[in-house]
Amino acid sequence: MARVVLLLLALLAAGLSSAPASAADKDELPPGIELPMRVRVAVRVLNVLQIAEVAGQGKLYVEVTQRWTDPRLRFDAVAQGFTRIDRVGEEADAYLATVWTPGLTVDNQIGKPEARTVAVSTYSNGNVVLIERYEGLFRFNMNMDAFPFDTQQLTLSFSLPRYATQDAMLLTTEMDRNLSGIEDRLSVIDWHPKRLHFTNQEAMGWNARSYSRLDATVTLQRLSERYLLRIFIPILAILAVSLFVLWSPGLQANDKGSLIFSSLLALAALSFTFEASFPGSISLNTPIAQIISLGYLYLILVLMLEVALSRGANSEKGGRLHDVCVALRRQVRWAVPAIMVLVCLGTAVRAIPA
């Protein structure tokens, strides 16, 4: 009888040792692990669904892989007949609710993830691999100063808010970096993916304690050549009216004024169209906004110079005023448009990233 009782106790102890962590200790760091607890992270950006530059937001479809070791989850691979247990979907979520997890969060995420799928693998040596795929809306710092030649840095800031740096930290190994990356084809057609890189940082939290943070930054370059016909050609077409005003010999002052003011109205309408089609292109300090602002000044300057020099040139021939105005008019006809072209080119070239 005593042997039976001892055998039952041994089997019970073995069962408890191989069972998942209880609710009482699932929030505690795994015992027997050198601190800080190392949580390895890999990130794959499967798609960029939307970018809102003015709002500073973007919708991404990401896959986040976490790896850690929990000795409490070890099991006998020979007795089980396999070295790994895989769980997917609802089964994975139910299992994760019973074991310790790092509690990884994305600090700049807005709202809850959508279209989420999850899978978790537990190995006989206690290693755990957690893979989550989901669509999420994130807040980013965007700079439109170089639009449409800009390159944006979309950063996902991962952290472990429950544990200070001395207790747990985030890191990426060579294997994690090889698993990370960004897909070549994205839903946002005007952007081209460049690369994804990681940066380790520390953030100050409660009680002046430092917390580990891992930034995964996605670099996207705007395809500026797609904006030439949509933006630059209409601007050049409107400003080209000034050449007709400067070089046409038979125009009266009233006709010249009508053409210039019509061009000003067209330029204003074009700026509103750009802002509606490309949010932030006019409201922010972009090269397009600078060129349009200079365009207003340029058209008014052309009208004032042409009217003033035309009156002087039409004065009595042989007079000093007549000769000076005729000479100035010859120079202004090509000098003012050339200066405007150089200024616009300089504004655009200066915005192109090195």
# chains A, B, ... in the order shown; residues from 1 in each chain; ligands from 1
>>> residues_around(residues="stretch 63-70 of chain A", least_positions_apart="3", cutoff="8 Å", atoms="only C-alpha atoms", output="VMD selection string")
chain A and resid 30 to 31 33 38 to 46 73 to 74 100 126 to 134
>>> atom_distance(atom1="atom CA of A:Ser121", atom2="atom CA of A:Gln80")
14.8 Å
>>> select_by_dssp(residues="stretch 136-325 of chain A", states="alpha helix (DSSP H)", output="PyMOL selection string")
chain A and resi 174-179+233-239+241-247+253-277+287-313+320-325
>>> atom_distance(atom1="atom CA of A:Thr199", atom2="atom CA of A:Met169")
12.9 Å
>>> select_by_dssp(residues="stretch 63-283 of chain A", states="strand (DSSP E or B)", output="number ranges by chain")
A: 63-69, 84-88, 105-106, 109-123, 127-139, 151-159, 168-171, 181-182, 191-204, 210-222
>>> write_last_selection(atoms="C-alpha atoms", output="compact mmCIF listing (two decimals), in the first residue's frame")
# COMPACT_ATOMS: atom_id res chain seq x y z
CA GLU A 63 4.48 40.00 -38.41
CA VAL A 64 6.17 40.13 -35.01
CA THR A 65 8.17 37.13 -33.73
CA GLN A 66 9.16 36.85 -30.06
CA ARG A 67 11.56 34.28 -28.61
CA TRP A 68 12.32 33.56 -24.96
CA THR A 69 13.13 30.67 -22.62
CA ARG A 84 7.96 20.78 -30.31
CA ILE A 85 4.31 21.53 -29.63
CA ASP A 86 2.58 23.92 -32.05
CA ARG A 87 -0.62 25.81 -31.29
CA VAL A 88 -2.47 28.14 -33.68
CA THR A 105 3.65 46.32 -26.68
CA VAL A 106 4.05 48.87 -29.47
CA GLN A 109 0.14 51.93 -31.89
CA ILE A 110 -3.34 53.47 -32.11
CA GLY A 111 -6.23 51.29 -31.05
CA LYS A 112 -6.41 47.51 -31.17
CA PRO A 113 -4.94 45.33 -33.92
CA GLU A 114 -7.16 44.03 -36.71
CA ALA A 115 -7.12 40.76 -38.69
CA ARG A 116 -4.92 39.19 -36.01
CA THR A 117 -3.56 35.66 -36.27
CA VAL A 118 -1.29 34.02 -33.70
CA ALA A 119 0.84 30.88 -33.45
CA VAL A 120 3.05 29.66 -30.62
CA SER A 121 5.60 26.85 -30.51
CA THR A 122 6.95 25.35 -27.28
CA TYR A 123 10.15 23.30 -27.39
CA ASN A 127 12.22 27.73 -25.66
CA VAL A 128 9.07 29.55 -26.79
CA VAL A 129 8.45 31.14 -30.20
CA LEU A 130 5.42 33.44 -30.49
CA ILE A 131 4.40 34.76 -33.92
CA GLU A 132 1.69 37.38 -34.37
CA ARG A 133 0.37 38.81 -37.62
CA TYR A 134 -1.99 41.78 -37.58
CA GLU A 135 -2.99 45.04 -39.18
CA GLY A 136 -2.43 48.07 -37.00
CA LEU A 137 -2.67 51.85 -37.13
CA PHE A 138 0.48 53.57 -35.89
CA ARG A 139 1.55 57.13 -35.17
CA THR A 151 12.03 59.74 -47.67
CA GLN A 152 9.99 58.81 -44.60
CA GLN A 153 11.10 56.84 -41.54
CA LEU A 154 8.25 54.79 -40.06
CA THR A 155 9.31 53.60 -36.61
CA LEU A 156 7.62 50.89 -34.53
CA SER A 157 8.64 51.34 -30.86
CA PHE A 158 8.51 48.03 -28.97
CA SER A 159 8.81 47.92 -25.19
CA ALA A 168 14.03 42.09 -18.95
CA MET A 169 15.35 43.59 -22.17
CA LEU A 170 14.63 43.46 -25.89
CA LEU A 171 17.28 42.56 -28.44
CA GLY A 181 12.51 42.80 -43.47
CA ILE A 182 9.91 44.48 -45.65
CA TRP A 191 6.22 54.51 -52.27
CA HIS A 192 9.23 52.21 -52.63
CA PRO A 193 10.57 50.21 -49.65
CA LYS A 194 14.27 50.72 -48.93
CA ARG A 195 15.19 48.84 -45.75
CA LEU A 196 14.33 47.96 -42.16
CA HIS A 197 16.77 48.42 -39.30
CA PHE A 198 16.72 48.11 -35.50
CA THR A 199 17.85 50.49 -32.78
CA ASN A 200 18.08 49.72 -29.05
CA GLN A 201 17.12 52.51 -26.67
CA GLU A 202 16.17 53.06 -23.07
CA ALA A 203 13.10 54.97 -21.92
CA MET A 204 12.40 56.41 -18.49
CA SER A 210 14.73 52.72 -17.24
CA TYR A 211 12.90 50.37 -19.56
CA SER A 212 14.18 48.59 -22.64
CA ARG A 213 12.92 49.81 -26.00
CA LEU A 214 13.54 48.41 -29.46
CA ASP A 215 12.80 50.60 -32.49
CA ALA A 216 12.15 48.90 -35.82
CA THR A 217 12.38 51.60 -38.48
CA VAL A 218 11.03 51.14 -41.99
CA THR A 219 12.50 53.46 -44.64
CA LEU A 220 10.19 54.34 -47.52
CA GLN A 221 11.14 56.53 -50.48
CA ARG A 222 8.49 58.40 -52.43
>>> residues_around(residues="stretch 275-284 of chain A", least_positions_apart="2", cutoff="7 Å", atoms="only C-alpha atoms", output="tab-separated table (two decimals) with C-alpha atoms, in the first residue's frame")
chain	number	residue	atom	x	y	z
A	53	GLU	CA	1.29	62.40	-43.94
A	54	VAL	CA	-0.61	65.34	-42.41
A	144	MET	CA	7.17	66.86	-45.59
A	147	PHE	CA	7.85	66.61	-50.85
A	271	SER	CA	-2.82	75.01	-55.09
A	272	PHE	CA	-6.22	74.02	-53.65
A	273	THR	CA	-6.33	71.06	-56.05
A	286	THR	CA	7.23	71.84	-49.13
A	288	ILE	CA	5.81	72.80	-54.19
A	289	ALA	CA	4.37	75.35	-51.76
>>> closest_residue(among="A:Ser242, A:Leu270, A:Pro287, A:Tyr296", to="A:Asp145", atoms="only C-alpha atoms")
A:Pro287
>>> residues_around(residues="A:Leu265", least_positions_apart="2", cutoff="12 Å", atoms="only C-alpha atoms", output="ChimeraX atom specification")
/A:238-239,258-263,267-272,292,295-296,299
>>> atom_distance(atom1="atom CA of A:Leu251", atom2="atom CA of A:Ser310")
10.5 Å
